[in-house]
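Asks: Can you keep this structure in mind? I'll have questions shortly.
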Amino acid sequence: MLNELVKTKNKKNRTRVGRGPGSKGKTAGRGHKGQNSRSGGGVPILFEGGQSSFVLRTPKRGFRNYNRKEYDVINVGTLNKIDNLEKIDLESLIKIGLIDGNKPVKILGNGDFDKKYEISANHFSKSATEKIKSAGGSIKIV
């Protein structure tokens with residue numbers, strides 16, 4: 001056991017810069033003078049030497065609402081293909097793999113629906129509500 005141990009190679013010591021005139025002393029690899037040689041000096045990432053930055057030069061169009069609510073959307077046509085369930089809720093949709101469960105769920109009315117399900121979700125469109133109720137099902141807003 002102990003006789004099988006192999007001696008490991010010594011790792012190289014990192015060079016300690018700025019510790020006298022031996023190796024990498026004095027300027028410590030930073031060159032002479034200038035903004036980047038000073039402690040705390042340097043320029044921000046994407047700084048272009050005083051030139052107007054790329055982000056400011058590119059044209060901007062449109063509007064992005066940061067208060068926008070994003071939904072996982074499912075059509076009633078997709079729900080119509082599901083079998084072996086008496087009610088459809090968020091847990092069953094996650095289990096089937098239709099949603100990941102991170103966003104609220106909205107049921108939309110695209111497709112045909114003819115099954116009598118009790119469906120619970122965060123939101124329903126008007127057409128989805130009509131199709132589900134006309135098929136004899138019920139909706140529940142969570």
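Identifiers in the structure tokens: chain A, B, ... in order shown; residue index from 1 per chain; ligand index from 1 in order shown.
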Do you know which residues are at most 10 Å from segment 90-92 of chain A counting only C-alpha atoms, after dropping those on the same chain fewer than 4 positions away, and could you put them as number ranges by chain?
Replies: A: 85, 96-101, 104-105, 119-122, 142
Asks: Next, the residues of the selection above should be written as a JSON list (two decimals), in the first residue's frame with N, CA and C atoms.
Replies:
```
[["chain", "number", "residue", "atom", "x", "y", "z"],
["A", 85, "LEU", "N", -56.93, 10.86, -18.37],
["A", 85, "LEU", "CA", -57.01, 11.83, -17.28],
["A", 85, "LEU", "C", -58.46, 12.28, -17.12],
["A", 96, "ILE", "N", -46.81, 15.43, -17.89],
["A", 96, "ILE", "CA", -46.87, 15.04, -19.30],
["A", 96, "ILE", "C", -45.71, 15.65, -20.08],
["A", 97, "GLY", "N", -45.26, 16.84, -19.66],
["A", 97, "GLY", "CA", -44.14, 17.50, -20.32],
["A", 97, "GLY", "C", -44.56, 18.63, -21.25],
["A", 98, "LEU", "N", -45.81, 19.09, -21.13],
["A", 98, "LEU", "CA", -46.26, 20.21, -21.96],
["A", 98, "LEU", "C", -45.75, 21.55, -21.46],
["A", 99, "ILE", "N", -45.53, 21.67, -20.15],
["A", 99, "ILE", "CA", -45.00, 22.91, -19.58],
["A", 99, "ILE", "C", -43.86, 22.57, -18.64],
["A", 100, "ASP", "N", -43.04, 23.59, -18.30],
["A", 100, "ASP", "CA", -41.95, 23.35, -17.36],
["A", 100, "ASP", "C", -42.30, 23.82, -15.95],
["A", 101, "GLY", "N", -43.38, 24.60, -15.81],
["A", 101, "GLY", "CA", -43.84, 24.99, -14.48],
["A", 101, "GLY", "C", -43.25, 26.28, -13.96],
["A", 104, "PRO", "N", -46.78, 31.13, -15.63],
["A", 104, "PRO", "CA", -48.21, 30.82, -15.56],
["A", 104, "PRO", "C", -48.69, 30.25, -16.89],
["A", 105, "VAL", "N", -49.80, 29.48, -16.84],
["A", 105, "VAL", "CA", -50.30, 28.77, -18.01],
["A", 105, "VAL", "C", -51.55, 29.45, -18.54],
["A", 119, "ILE", "N", -60.63, 21.45, -16.35],
["A", 119, "ILE", "CA", -59.31, 22.01, -16.64],
["A", 119, "ILE", "C", -59.05, 23.19, -15.71],
["A", 120, "SER", "N", -57.90, 23.17, -15.05],
["A", 120, "SER", "CA", -57.51, 24.29, -14.20],
["A", 120, "SER", "C", -56.20, 24.87, -14.73],
["A", 121, "ALA", "N", -56.19, 26.20, -14.89],
["A", 121, "ALA", "CA", -55.01, 26.92, -15.37],
["A", 121, "ALA", "C", -55.07, 28.34, -14.84],
["A", 122, "ASN", "N", -54.03, 29.13, -15.15],
["A", 122, "ASN", "CA", -54.00, 30.51, -14.66],
["A", 122, "ASN", "C", -54.91, 31.43, -15.47],
["A", 142, "VAL", "N", -56.80, 29.16, -11.49],
["A", 142, "VAL", "CA", -55.96, 28.96, -10.30],
["A", 142, "VAL", "C", -55.42, 30.30, -9.86]]
```
Asks: If we count only C-alpha atoms, what is near segment 72-81 of chain A at a cut-off of 10 Å, once residues fewer than 4 positions away on the same chain are taken out, given as a PyMOL selection string?
Replies: chain A and resi 88+93+98-117+119+122-125+127-129+131-132
Asks: Take atom CA of Gly18 of chain A and atom CA of Val43 of chain A and report the distance between them in Å, one decimal.
Replies: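 Pair atom CA of Gly18 of chain A / atom CA of Val43 of chain A returns 21.4 Å.
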Asks: Residues of segment 36-78 of chain A classed as strand (DSSP E) by DSSP on the backbone are to be reported as a ChimeraX atom specification.
Replies: /A:72-75
Asks: Next, the residues of the selection above should be written as a short mmCIF file (atom, residue, chain, number, x, y, z; two decimals), in the first residue's frame with N, CA and C atoms.
Replies:
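Saved file part_20.cif follows:
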```cif
data_model
loop_
_atom_site.label_atom_id
_atom_site.label_comp_id
_atom_site.auth_asym_id
_atom_site.auth_seq_id
_atom_site.Cartn_x
_atom_site.Cartn_y
_atom_site.Cartn_z
N ASP A 72 -46.86 30.25 -20.48
CA ASP A 72 -46.77 29.01 -21.23
C ASP A 72 -48.14 28.81 -21.85
N VAL A 73 -48.22 28.77 -23.18
CA VAL A 73 -49.52 28.67 -23.83
C VAL A 73 -49.75 27.25 -24.32
N ILE A 74 -50.99 26.78 -24.16
CA ILE A 74 -51.39 25.46 -24.63
C ILE A 74 -52.72 25.62 -25.33
N ASN A 75 -52.86 25.05 -26.50
CA ASN A 75 -54.11 25.10 -27.24
C ASN A 75 -55.02 23.96 -26.82
#
```
Asks: For Lys133 of chain A, which residue among A:Ser53, A:Glu118, A:Arg14, A:Leu46 is the nearest when counting only C-alpha atoms?
Replies: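 Closest candidate: A:Glu118.
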Asks: What gap, in Å, lies between atom CA of Gln35 of chain A and atom CA of Gly49 of chain A?
Replies: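 So the answer is 11.6 Å.
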Asks: Counting only C-alpha atoms, what is within 12 Å of Arg16 of chain A, bar same-chain residues fewer than 6 positions away, as a list of chain:residue names?
Replies: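 Those residues are A:Gly22, A:Ser23, A:Lys24, A:Gly25, A:Lys26, A:Ala28, A:Gly29.
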Asks: What does the structure give for the distance between atom CA of Pro44 of chain A and atom CA of Leu56 of chain A, in Å to one decimal?
Replies: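 Here the two named atoms are 15.2 Å from each other.
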Asks: Under the rule that only C-alpha atoms are counted, which of A:Arg68, A:Lys87, A:Arg30, A:Lys60 is the nearest residue to Val17 of chain A?
Replies: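 Comparing A:Arg68, A:Lys87, A:Arg30, A:Lys60 against Val17 of chain A, the winner is A:Arg30.
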Asks: Quick one: DSSP helix (DSSP H, G or I) residues in segment 25-139 of chain A, as a list of chain:residue names?
Replies: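 Helix (DSSP H, G or I) members of segment 25-139 of chain A, listed: A:Gln35, A:Asn36, A:Ser37, A:Phe54, A:Val55, A:Leu56, A:Arg57, A:Val76, A:Gly77, A:Thr78, A:Leu79, A:Asn80, A:Leu90, A:Glu91, A:Ser92, A:Leu93, A:Ile94, A:Lys95, A:Ile96, A:Lys126, A:Ser127, A:Ala128, A:Thr129, A:Glu130, A:Lys131, A:Ile132, A:Lys133, A:Ser134.
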